[in-house]
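Data from input14.cif: mmCIF, C-alpha atoms and all ligand atoms
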data_structure
#
loop_
_atom_site.label_atom_id
_atom_site.label_comp_id
_atom_site.auth_asym_id
_atom_site.auth_seq_id
_atom_site.Cartn_x
_atom_site.Cartn_y
_atom_site.Cartn_z
CA MET A 1 16.53 9.94 17.93
CA THR A 2 18.68 12.53 16.18
CA ALA A 3 17.73 14.75 13.25
CA PRO A 4 18.91 13.50 9.83
CA GLY A 5 22.06 14.75 8.11
CA CYS A 6 22.54 14.89 4.33
CA THR A 7 23.77 11.28 4.18
CA ASP A 8 20.76 9.85 6.08
CA CYS A 9 18.57 10.75 3.15
CA HIS A 10 21.04 10.91 0.26
CA GLY A 11 23.42 8.08 1.15
CA THR A 12 27.21 8.28 0.99
CA HIS A 13 28.95 6.41 -1.84
CA THR A 14 25.89 5.71 -3.92
CA ILE A 15 24.49 9.23 -4.17
CA ALA A 16 21.76 9.16 -6.80
CA ASP A 17 20.13 12.08 -8.57
CA PRO A 18 17.38 13.26 -6.18
CA LYS A 19 15.26 14.29 -9.17
CA THR A 20 14.73 10.70 -10.33
CA PRO A 21 11.40 9.10 -9.43
CA LYS A 22 13.17 5.94 -8.21
CA TRP A 23 15.17 7.84 -5.62
CA GLN A 24 12.14 9.81 -4.48
CA VAL A 25 10.27 6.58 -3.85
CA ASP A 26 13.27 5.00 -2.10
CA VAL A 27 13.72 7.92 0.30
CA ILE A 28 10.33 7.09 1.83
CA ARG A 29 12.07 4.16 3.49
CA GLU A 30 14.72 6.49 4.92
CA CYS A 31 12.05 8.75 6.44
CA GLY A 32 10.24 5.66 7.68
CA GLY A 33 13.37 4.26 9.32
CA CYS A 34 13.14 7.08 11.87
CA HIS A 35 9.41 7.82 11.78
CA THR A 36 8.23 4.22 12.10
CA GLN A 37 4.65 4.94 13.20
CA TYR A 38 4.16 7.47 10.38
CA ILE A 39 5.29 5.13 7.62
CA LYS A 40 2.98 2.43 8.97
CA THR A 41 -0.09 4.68 8.73
CA TYR A 42 1.14 6.07 5.38
CA ARG A 43 1.22 2.53 3.94
CA ASP A 44 -2.45 2.13 4.86
CA THR A 45 -3.36 4.95 2.47
CA TYR A 46 -3.73 4.97 -1.31
CA HIS A 47 -0.56 7.10 -1.68
CA GLY A 48 1.44 4.68 0.44
CA GLN A 49 0.29 1.59 -1.42
CA VAL A 50 0.97 3.01 -4.87
CA THR A 51 4.51 4.11 -3.93
CA ASP A 52 5.08 0.70 -2.34
CA LEU A 53 4.60 -0.72 -5.84
CA GLY A 54 7.32 1.67 -7.06
CA TYR A 55 5.20 4.38 -8.73
CA SER A 56 6.00 7.97 -7.89
CA VAL A 57 3.02 9.88 -9.33
CA VAL A 58 1.23 9.90 -5.97
CA ALA A 59 2.34 11.70 -2.80
CA THR A 60 5.57 10.63 -1.10
CA CYS A 61 6.46 11.89 2.40
CA SER A 62 8.30 14.79 0.80
CA SER A 63 5.36 15.80 -1.41
CA CYS A 64 3.50 16.72 1.77
CA HIS A 65 6.31 17.58 4.18
CA GLY A 66 8.96 18.96 1.86
CA SER A 67 12.55 17.79 1.63
CA HIS A 68 14.82 20.42 3.21
CA GLU A 69 12.17 22.57 4.81
CA VAL A 70 10.47 19.88 6.93
CA LEU A 71 8.72 21.55 9.87
CA PRO A 72 6.19 20.52 12.53
CA LYS A 73 2.55 21.09 11.63
CA SER A 74 2.26 23.75 14.35
CA ASN A 75 4.70 25.96 12.42
CA PRO A 76 2.73 28.10 9.90
CA LEU A 77 5.58 27.65 7.39
CA SER A 78 5.12 23.86 7.43
CA LYS A 79 3.64 22.42 4.23
CA VAL A 80 1.03 20.62 6.38
CA SER A 81 0.12 23.61 8.59
CA ASP A 82 -3.53 24.73 8.57
CA GLU A 83 -2.39 27.72 6.52
CA ARG A 84 -0.59 25.76 3.80
CA ILE A 85 -2.14 22.28 3.60
CA LEU A 86 -4.69 23.24 0.95
CA SER A 87 -2.05 24.42 -1.51
CA THR A 88 0.09 21.34 -0.73
CA CYS A 89 -2.73 19.00 -1.80
CA GLN A 90 -3.71 21.25 -4.70
CA ALA A 91 -0.28 20.73 -6.28
CA CYS A 92 -1.74 17.40 -7.46
CA HIS A 93 -5.44 17.54 -6.57
CA ALA A 94 -6.41 20.71 -8.41
CA LYS A 95 -9.98 20.59 -7.12
CA ALA A 96 -9.06 20.07 -3.45
CA ASN A 97 -11.08 22.22 -1.04
CA ALA A 98 -11.33 22.66 2.74
CA ASN A 99 -13.38 19.46 2.98
CA PHE A 100 -10.88 17.37 0.99
CA VAL A 101 -8.00 18.28 3.31
CA GLN A 102 -9.93 16.86 6.27
CA PHE A 103 -8.54 13.53 5.05
CA GLN A 104 -6.14 12.11 7.67
CA PRO A 105 -2.96 10.87 5.93
CA HIS A 106 -1.83 9.20 9.18
CA ALA A 107 -5.08 7.80 10.51
CA ASN A 108 -4.37 4.86 12.82
CA LYS A 109 -7.21 2.39 12.42
CA TYR A 110 -6.24 0.64 15.66
CA SER A 111 -6.48 3.78 17.79
CA LYS A 112 -9.64 5.56 18.93
CA GLU A 113 -7.77 8.84 18.64
CA SER A 114 -8.11 8.80 14.84
CA GLY A 115 -11.90 8.71 15.09
CA LEU A 116 -14.43 6.23 16.43
CA ILE A 117 -16.00 5.45 13.04
CA LEU A 118 -12.68 4.25 11.58
CA TYR A 119 -11.84 2.36 14.80
CA TYR A 120 -15.14 0.49 15.05
CA THR A 121 -15.39 -0.15 11.29
CA THR A 122 -11.96 -1.80 11.48
CA LYS A 123 -13.07 -3.86 14.49
CA ALA A 124 -16.29 -4.89 12.71
CA MET A 125 -14.40 -5.94 9.57
CA GLN A 126 -12.00 -8.04 11.65
CA LEU A 127 -14.92 -9.71 13.45
CA LEU A 128 -16.67 -10.36 10.17
CA LEU A 129 -13.52 -11.90 8.70
CA ALA A 130 -12.97 -14.10 11.77
CA GLY A 131 -16.67 -15.06 11.74
CA VAL A 132 -16.61 -16.08 8.09
CA PHE A 133 -13.51 -18.23 8.56
CA ALA A 134 -14.88 -19.82 11.74
CA PHE A 135 -18.22 -20.62 10.06
CA PHE A 136 -16.73 -22.14 6.92
CA GLY A 137 -14.02 -23.92 8.92
CA LEU A 138 -16.69 -25.64 10.99
CA HIS A 139 -18.77 -26.25 7.88
CA THR A 140 -15.82 -27.97 6.16
CA ILE A 141 -15.08 -30.16 9.19
CA LEU A 142 -18.72 -31.27 9.46
CA TRP A 143 -18.82 -31.92 5.71
CA LEU A 144 -15.71 -34.10 5.95
CA TYR A 145 -17.18 -35.98 8.93
CA ARG A 146 -20.40 -36.63 7.03
CA GLY A 147 -18.47 -37.70 3.92
CA LEU A 148 -16.41 -40.23 5.89
CA ALA A 149 -19.51 -41.59 7.63
CA GLU A 150 -21.27 -42.12 4.29
CA MET A 151 -18.21 -43.79 2.81
CA ARG A 152 -18.07 -46.20 5.76
CA LYS A 153 -21.77 -46.91 5.43
CA ARG A 154 -21.49 -47.60 1.69
CA ARG A 155 -18.54 -49.95 2.24
CA GLY A 156 -20.61 -51.79 4.88
CA GLU A 157 -23.51 -52.21 2.45
CA GLY A 158 -21.13 -53.46 -0.25
CA ASN A 159 -19.85 -56.20 2.07
CA GLU A 160 -23.40 -57.33 2.92
CA GLU A 161 -24.29 -57.81 -0.76
CA LYS A 162 -21.47 -60.30 -1.20
CA HIS A 163 -23.00 -62.73 1.34
C1 LIG B 201 15.12 14.48 5.41
C2 LIG B 201 15.80 13.99 4.22
C3 LIG B 201 16.82 14.88 3.55
C4 LIG B 201 17.94 15.45 4.13
C5 LIG B 201 18.38 15.36 5.57
C6 LIG B 201 18.63 16.15 3.07
N1 LIG B 201 17.94 16.02 1.89
FE1 LIG B 201 18.52 16.76 0.07
N2 LIG B 201 16.76 16.10 -0.76
C7 LIG B 201 15.81 15.34 -0.10
C8 LIG B 201 14.71 15.09 -0.99
C9 LIG B 201 13.43 14.28 -0.65
C10 LIG B 201 15.02 15.71 -2.23
C11 LIG B 201 14.18 15.73 -3.51
C12 LIG B 201 13.42 16.99 -3.62
C13 LIG B 201 12.47 16.93 -4.80
O1 LIG B 201 11.47 16.24 -4.66
O2 LIG B 201 12.74 17.58 -5.79
C14 LIG B 201 16.34 16.32 -2.05
C15 LIG B 201 17.02 17.04 -3.02
C16 LIG B 201 18.33 17.48 -2.90
C17 LIG B 201 19.10 18.10 -3.98
C18 LIG B 201 18.65 18.35 -5.41
C19 LIG B 201 17.48 19.24 -5.50
C20 LIG B 201 17.72 20.60 -4.98
O3 LIG B 201 17.02 20.99 -4.01
O4 LIG B 201 18.58 21.31 -5.52
C21 LIG B 201 20.33 18.40 -3.45
C22 LIG B 201 21.50 19.05 -4.16
C23 LIG B 201 20.32 18.02 -2.04
N3 LIG B 201 19.10 17.45 -1.76
C24 LIG B 201 21.37 18.19 -1.15
C25 LIG B 201 21.30 17.96 0.21
C26 LIG B 201 22.35 18.34 1.18
C27 LIG B 201 23.67 18.97 0.81
C28 LIG B 201 21.89 18.00 2.42
C29 LIG B 201 22.54 18.25 3.79
C30 LIG B 201 22.79 19.62 4.10
C31 LIG B 201 20.57 17.38 2.24
N4 LIG B 201 20.27 17.41 0.89
C32 LIG B 201 19.80 16.86 3.26
C33 LIG B 201 15.87 14.90 1.20
C34 LIG B 201 16.82 15.25 2.14
C1 LIG B 202 17.85 10.04 11.04
C2 LIG B 202 16.46 10.03 11.41
C3 LIG B 202 15.45 10.84 10.58
C4 LIG B 202 15.24 10.77 9.22
C5 LIG B 202 15.94 9.92 8.18
C6 LIG B 202 14.11 11.66 8.96
N1 LIG B 202 13.71 12.27 10.10
FE1 LIG B 202 12.15 13.55 10.34
N2 LIG B 202 12.72 13.98 12.22
C7 LIG B 202 13.72 13.32 12.91
C8 LIG B 202 13.87 13.96 14.21
C9 LIG B 202 14.84 13.54 15.31
C10 LIG B 202 12.92 15.02 14.26
C11 LIG B 202 12.67 16.01 15.39
C12 LIG B 202 11.64 15.44 16.31
C13 LIG B 202 11.35 16.34 17.45
O1 LIG B 202 11.89 17.44 17.50
O2 LIG B 202 10.53 15.93 18.25
C14 LIG B 202 12.21 15.00 12.99
C15 LIG B 202 11.16 15.85 12.66
C16 LIG B 202 10.31 15.67 11.57
C17 LIG B 202 9.03 16.33 11.35
C18 LIG B 202 8.40 17.39 12.23
C19 LIG B 202 7.66 16.75 13.36
C20 LIG B 202 8.18 17.14 14.70
O3 LIG B 202 7.74 16.49 15.66
O4 LIG B 202 9.00 18.07 14.80
C21 LIG B 202 8.51 15.84 10.19
C22 LIG B 202 7.18 16.20 9.55
C23 LIG B 202 9.49 14.91 9.66
N3 LIG B 202 10.56 14.83 10.52
C24 LIG B 202 9.37 14.25 8.44
C25 LIG B 202 10.42 13.57 7.83
C26 LIG B 202 10.47 13.21 6.41
C27 LIG B 202 9.37 13.51 5.42
C28 LIG B 202 11.66 12.54 6.21
C29 LIG B 202 12.19 11.98 4.88
C30 LIG B 202 12.29 12.92 3.76
C31 LIG B 202 12.35 12.50 7.49
N4 LIG B 202 11.58 13.15 8.43
C32 LIG B 202 13.56 11.86 7.70
C33 LIG B 202 14.44 12.23 12.46
C34 LIG B 202 14.51 11.81 11.14
C1 LIG B 203 -0.84 13.24 1.83
C2 LIG B 203 0.11 14.01 2.60
C3 LIG B 203 1.04 13.31 3.56
C4 LIG B 203 1.90 12.29 3.27
C5 LIG B 203 2.06 11.54 1.97
C6 LIG B 203 2.65 12.05 4.49
N1 LIG B 203 2.24 12.89 5.47
FE1 LIG B 203 3.01 13.04 7.35
N2 LIG B 203 1.56 14.39 7.86
C7 LIG B 203 0.63 14.90 6.99
C8 LIG B 203 -0.27 15.78 7.74
C9 LIG B 203 -1.45 16.54 7.16
C10 LIG B 203 0.17 15.76 9.09
C11 LIG B 203 -0.43 16.49 10.30
C12 LIG B 203 -1.63 15.75 10.84
C13 LIG B 203 -1.27 14.45 11.49
O1 LIG B 203 -0.38 14.41 12.34
O2 LIG B 203 -1.90 13.41 11.14
C14 LIG B 203 1.34 14.87 9.13
C15 LIG B 203 2.09 14.61 10.25
C16 LIG B 203 3.34 13.98 10.25
C17 LIG B 203 4.29 13.98 11.33
C18 LIG B 203 4.12 14.68 12.67
C19 LIG B 203 4.29 16.15 12.43
C20 LIG B 203 3.95 16.98 13.62
O3 LIG B 203 4.14 18.19 13.52
O4 LIG B 203 3.49 16.44 14.64
C21 LIG B 203 5.40 13.25 10.92
C22 LIG B 203 6.67 12.99 11.71
C23 LIG B 203 5.09 12.77 9.58
N3 LIG B 203 3.85 13.24 9.20
C24 LIG B 203 5.94 11.99 8.83
C25 LIG B 203 5.60 11.44 7.59
C26 LIG B 203 6.38 10.41 6.91
C27 LIG B 203 7.66 9.81 7.43
C28 LIG B 203 5.73 10.14 5.74
C29 LIG B 203 6.08 9.10 4.70
C30 LIG B 203 6.30 7.74 5.18
C31 LIG B 203 4.55 11.02 5.67
N4 LIG B 203 4.51 11.76 6.81
C32 LIG B 203 3.65 11.09 4.61
C33 LIG B 203 0.56 14.69 5.62
C34 LIG B 203 1.25 13.68 4.95
C1 LIG B 204 2.57 14.47 -5.57
C2 LIG B 204 1.16 14.55 -5.90
C3 LIG B 204 0.14 14.40 -4.76
C4 LIG B 204 0.04 15.16 -3.61
C5 LIG B 204 0.93 16.30 -3.14
C6 LIG B 204 -1.15 14.68 -2.91
N1 LIG B 204 -1.72 13.66 -3.62
FE1 LIG B 204 -3.37 12.57 -3.08
N2 LIG B 204 -3.17 11.40 -4.76
C7 LIG B 204 -2.31 11.68 -5.80
C8 LIG B 204 -2.66 10.85 -6.95
C9 LIG B 204 -1.98 10.87 -8.31
C10 LIG B 204 -3.75 10.04 -6.53
C11 LIG B 204 -4.46 8.99 -7.39
C12 LIG B 204 -5.92 9.22 -7.57
C13 LIG B 204 -6.28 10.60 -8.04
O1 LIG B 204 -5.71 11.08 -9.02
O2 LIG B 204 -7.17 11.21 -7.39
C14 LIG B 204 -4.04 10.42 -5.15
C15 LIG B 204 -5.04 9.88 -4.38
C16 LIG B 204 -5.51 10.41 -3.18
C17 LIG B 204 -6.60 9.89 -2.41
C18 LIG B 204 -7.37 8.60 -2.68
C19 LIG B 204 -8.11 8.59 -3.96
C20 LIG B 204 -9.22 9.57 -4.01
O3 LIG B 204 -9.21 10.44 -4.92
O4 LIG B 204 -10.14 9.49 -3.19
C21 LIG B 204 -6.80 10.73 -1.34
C22 LIG B 204 -7.85 10.63 -0.26
C23 LIG B 204 -5.79 11.77 -1.43
N3 LIG B 204 -5.02 11.55 -2.55
C24 LIG B 204 -5.66 12.81 -0.52
C25 LIG B 204 -4.63 13.75 -0.55
C26 LIG B 204 -4.49 14.84 0.42
C27 LIG B 204 -5.46 15.14 1.54
C28 LIG B 204 -3.35 15.51 0.08
C29 LIG B 204 -2.74 16.72 0.79
C30 LIG B 204 -2.49 16.56 2.23
C31 LIG B 204 -2.78 14.85 -1.10
N4 LIG B 204 -3.59 13.80 -1.44
C32 LIG B 204 -1.61 15.22 -1.73
C33 LIG B 204 -1.26 12.58 -5.79
C34 LIG B 204 -0.98 13.47 -4.77
#

As structure tokens, how would this structure be written, given the file I've shared?
Amino acid sequence: MTAPGCTDCHGTHTIADPKTPKWQVDVIRECGGCHTQYIKTYRDTYHGQVTDLGYSVVATCSSCHGSHEVLPKSNPLSKVSDERILSTCQACHAKANANFVQFQPHANKYSKESGLILYYTTKAMQLLLAGVFAFFGLHTILWLYRGLAEMRKRRGEGNEEKH
């Protein structure tokens, strides 16, 4: 994977004004084209779902990582470094505090690394969902079976009355 040049994010012949909300929402897909795992986890969050609907009031990748000054978290100058993350969130969440920034914007609910509570809650919800469908699936099949049996029985009784 190579680092992006101007055109990766801004395009070539169809360069749009980067200040428009539409472009800022569209560029998420450009970031996500290279950072596939990060866009997947981003889409699981409130920010990611709202921007997926086309609204730009919530955080895009660039709201948290910057646009031309994107740096790894380990660099203190990064917008998501321990030193700067609070002010990054506070740009929109005025009341954000140290506790609020514990939120994991890239939590992977299928990996134990993002925390056991999230991992097992996800597993439990999947089991519950599968259980509900299995139960009602079986219920519907038995109901159908019973219905057919009764219909057959009633038809049988009808024939007897004619004799
Ligand atoms: C990683 C993606 C990315 C790359 C690479 C990139 N940009 Fe941008 N650029 C952005 C984003 C996102 C914004 C919008 C910033 C904002 O939210 O205001 C932007 C804004 C701009 C703007 C208008 C706002 C400003 O800062 O003045 C210009 C001009 C610009 N970019 C030029 C360039 C040029 C020239 C290059 C190559 C040297 C480049 N960009 C590379 C993502 C990128
Ligand atoms: C053309 C592919 C490409 C695009 C588009 C792209 N990136 Fe990157 N990005 C990279 C590469 C390559 C690195 C360096 C990775 C490394 O050094 O391990 C990187 C590094 C990063 C890092 C630092 C993490 C690290 O491991 O160094 C962040 C954060 C990041 N990009 C966010 C973004 C955001 C936000 C956008 C959109 C505005 C974006 N990227 C667009 C390829 C891309
Ligand atoms: C709400 C703020 C927020 C948004 C929105 C967000 N990120 Fe992040 N991102 C973070 C934080 C905080 C970290 C560091 C902790 C972590 O890795 O989970 C991070 C880590 C990363 C890293 C690894 C950086 C490193 O140094 O290892 C990449 C790459 C990245 N994000 C890309 C993206 C892309 C691409 C998007 C959009 C699809 C995005 N992020 C949206 C806050 C955000
Ligand atoms: C560009 C503005 C912007 C930035 C930057 C931003 N957010 Fe948000 N975020 C929003 C908006 C708008 C909402 C909608 C709900 C609200 O207003 O609280 C939201 C919602 C949320 C929610 C879910 C709703 C809730 O209030 O529980 C969480 C969690 C969240 N943000 C965390 C963060 C964290 C952590 C950061 C910093 C790493 C961050 N946000 C950065 C705009 C932003």

Inset, instruction - Find the residues near ligand LIG 204 (chain B). Use a cut-off of 8 Å, count only C-alpha atoms and all ligand atoms, and write them as a ChimeraX atom specification. - result: /A:45-47,56-60,63-64,80,85-86,88-93,96,100-105

Output the selection as a compact mmCIF listing (two decimals), keeping the file's coordinate frame - C-alpha atoms for each residue.
# COMPACT_ATOMS: atom_id res chain seq x y z
CA THR A 45 -3.36 4.95 2.47
CA TYR A 46 -3.73 4.97 -1.31
CA HIS A 47 -0.56 7.10 -1.68
CA SER A 56 6.00 7.97 -7.89
CA VAL A 57 3.02 9.88 -9.33
CA VAL A 58 1.23 9.90 -5.97
CA ALA A 59 2.34 11.70 -2.80
CA THR A 60 5.57 10.63 -1.10
CA SER A 63 5.36 15.80 -1.41
CA CYS A 64 3.50 16.72 1.77
CA VAL A 80 1.03 20.62 6.38
CA ILE A 85 -2.14 22.28 3.60
CA LEU A 86 -4.69 23.24 0.95
CA THR A 88 0.09 21.34 -0.73
CA CYS A 89 -2.73 19.00 -1.80
CA GLN A 90 -3.71 21.25 -4.70
CA ALA A 91 -0.28 20.73 -6.28
CA CYS A 92 -1.74 17.40 -7.46
CA HIS A 93 -5.44 17.54 -6.57
CA ALA A 96 -9.06 20.07 -3.45
CA PHE A 100 -10.88 17.37 0.99
CA VAL A 101 -8.00 18.28 3.31
CA GLN A 102 -9.93 16.86 6.27
CA PHE A 103 -8.54 13.53 5.05
CA GLN A 104 -6.14 12.11 7.67
CA PRO A 105 -2.96 10.87 5.93

Please produce, as CSV, a per-residue contact table for chain A versus ligand LIG 202 (chain B) (criterion: any atom at most 9 Å away, only C-alpha atoms and all ligand atoms considered), showing the nearest atom pair and its distance in Å to one decimal, sorted by chain then residue number.
residue,atom,partner,partner_atom,distance
A:Met1,CA,B:LIG202,C9,4.8
A:Thr2,CA,B:LIG202,C9,4.1
A:Ala3,CA,B:LIG202,C9,3.7
A:Pro4,CA,B:LIG202,C1,3.8
A:Gly5,CA,B:LIG202,C1,7.0
A:Thr7,CA,B:LIG202,C5,8.9
A:Asp8,CA,B:LIG202,C5,5.3
A:Cys9,CA,B:LIG202,C5,5.7
A:Gln24,CA,B:LIG202,C30,8.8
A:Val27,CA,B:LIG202,C30,6.2
A:Ile28,CA,B:LIG202,C29,6.1
A:Arg29,CA,B:LIG202,C29,7.9
A:Glu30,CA,B:LIG202,C5,4.9
A:Cys31,CA,B:LIG202,C29,3.6
A:Gly32,CA,B:LIG202,C32,7.0
A:Gly33,CA,B:LIG202,C5,6.3
A:Cys34,CA,B:LIG202,C2,4.5
A:His35,CA,B:LIG202,N1,6.4
A:Tyr38,CA,B:LIG202,C24,8.8
A:Thr60,CA,B:LIG202,C27,8.1
A:Cys61,CA,B:LIG202,C27,4.5
A:Ser62,CA,B:LIG202,C27,4.9
A:Ser63,CA,B:LIG202,C27,8.2
A:Cys64,CA,B:LIG202,C27,7.6
A:His65,CA,B:LIG202,C27,5.2
A:Gly66,CA,B:LIG202,C27,6.5
A:Ser67,CA,B:LIG202,C30,5.3
A:His68,CA,B:LIG202,C30,7.9
A:Val70,CA,B:LIG202,C21,5.5
A:Leu71,CA,B:LIG202,C18,4.8
A:Pro72,CA,B:LIG202,C18,3.8
A:Lys73,CA,B:LIG202,C19,6.9
A:Ser74,CA,B:LIG202,O4,8.8
A:Ser78,CA,B:LIG202,C22,8.2
A:Lys79,CA,B:LIG202,C22,8.9
A:Val80,CA,B:LIG202,C22,8.2

Inset, instruction - Just give me the gap between atom C7 of ligand LIG 203 (chain B) and atom CA of Tyr42 of chain A in Å, one decimal is fine. - result: 9.0 Å

Please enclose the listed atoms of segment 125-143 of chain A in an axis-aligned box, pad each side by 8 Å, and write out the centre and the three edge lengths in Å, rounded to one decimal, as lines of an AutoDock Vina configuration file.
center_x = -15.4
center_y = -18.9
center_z = 9.6
size_x = 22.8
size_y = 42.0
size_z = 23.7

Inset, instruction - Record the distance separating atom C11 of ligand LIG 203 (chain B) and atom CA of Ile39 of chain A, expressed in Å with one decimal. - result: 13.0 Å

Inset, instruction - Choose the residue, out of A:Arg155, A:His13, A:Lys123, A:Lys109, that has the smallest atom-to-atom separation from Arg43 of chain A; count only C-alpha atoms. - result: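 Counting only C-alpha atoms, the residue closest to Arg43 of chain A is A:Lys109.
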
Inset, instruction - Rank A:Lys22, A:His10, A:Arg84, A:His106 by their smallest atom-to-atom distance to ligand LIG 203 (chain B), using all atoms listed in the file, and report the top residue only. - result: A:His106

Legend entry - atom CA of Lys19 of chain A to atom N4 of ligand LIG 201 (chain B), distance in Å rounded to a single decimal: 11.7 Å

Rebuild segment 44-59 of chain A to N, CA, C and O atoms - output it as a compact mmCIF listing (two decimals), in the coordinates of the input, please.
# COMPACT_ATOMS: atom_id res chain seq x y z
N ASP A 44 -1.02 2.47 4.88
CA ASP A 44 -2.45 2.13 4.86
C ASP A 44 -3.22 2.94 3.83
O ASP A 44 -4.34 2.61 3.49
N THR A 45 -2.62 4.06 3.36
CA THR A 45 -3.36 4.95 2.47
C THR A 45 -3.07 4.61 1.00
O THR A 45 -2.12 3.89 0.69
N TYR A 46 -3.89 5.17 0.14
CA TYR A 46 -3.73 4.97 -1.31
C TYR A 46 -2.33 5.41 -1.75
O TYR A 46 -1.63 4.68 -2.45
N HIS A 47 -1.90 6.61 -1.32
CA HIS A 47 -0.56 7.10 -1.68
C HIS A 47 0.51 6.08 -1.31
O HIS A 47 1.39 5.78 -2.10
N GLY A 48 0.42 5.58 -0.07
CA GLY A 48 1.44 4.68 0.44
C GLY A 48 1.48 3.34 -0.27
O GLY A 48 2.54 2.72 -0.41
N GLN A 49 0.33 2.88 -0.74
CA GLN A 49 0.29 1.59 -1.42
C GLN A 49 0.81 1.70 -2.84
O GLN A 49 1.50 0.81 -3.32
N VAL A 50 0.50 2.83 -3.50
CA VAL A 50 0.97 3.01 -4.87
C VAL A 50 2.50 3.17 -4.90
O VAL A 50 3.18 2.56 -5.71
N THR A 51 3.05 3.95 -3.95
CA THR A 51 4.51 4.11 -3.93
C THR A 51 5.19 2.81 -3.53
O THR A 51 6.31 2.55 -3.94
N ASP A 52 4.51 1.99 -2.73
CA ASP A 52 5.08 0.70 -2.34
C ASP A 52 5.29 -0.18 -3.57
O ASP A 52 6.17 -1.02 -3.62
N LEU A 53 4.47 0.03 -4.59
CA LEU A 53 4.60 -0.72 -5.84
C LEU A 53 5.66 -0.08 -6.75
O LEU A 53 5.93 -0.58 -7.83
N GLY A 54 6.23 1.05 -6.32
CA GLY A 54 7.32 1.67 -7.06
C GLY A 54 6.90 2.84 -7.94
O GLY A 54 7.73 3.40 -8.65
N TYR A 55 5.64 3.25 -7.89
CA TYR A 55 5.20 4.38 -8.73
C TYR A 55 5.30 5.67 -7.94
O TYR A 55 4.96 5.73 -6.77
N SER A 56 5.75 6.74 -8.62
CA SER A 56 6.00 7.97 -7.89
C SER A 56 5.01 9.08 -8.22
O SER A 56 5.20 10.21 -7.80
N VAL A 57 3.94 8.80 -8.97
CA VAL A 57 3.02 9.88 -9.33
C VAL A 57 2.19 10.34 -8.14
O VAL A 57 1.70 11.46 -8.14
N VAL A 58 2.02 9.50 -7.13
CA VAL A 58 1.23 9.90 -5.97
C VAL A 58 2.15 10.54 -4.92
O VAL A 58 3.35 10.67 -5.13
N ALA A 59 1.57 10.94 -3.78
CA ALA A 59 2.34 11.70 -2.80
C ALA A 59 3.32 10.83 -2.01
O ALA A 59 2.93 9.81 -1.46
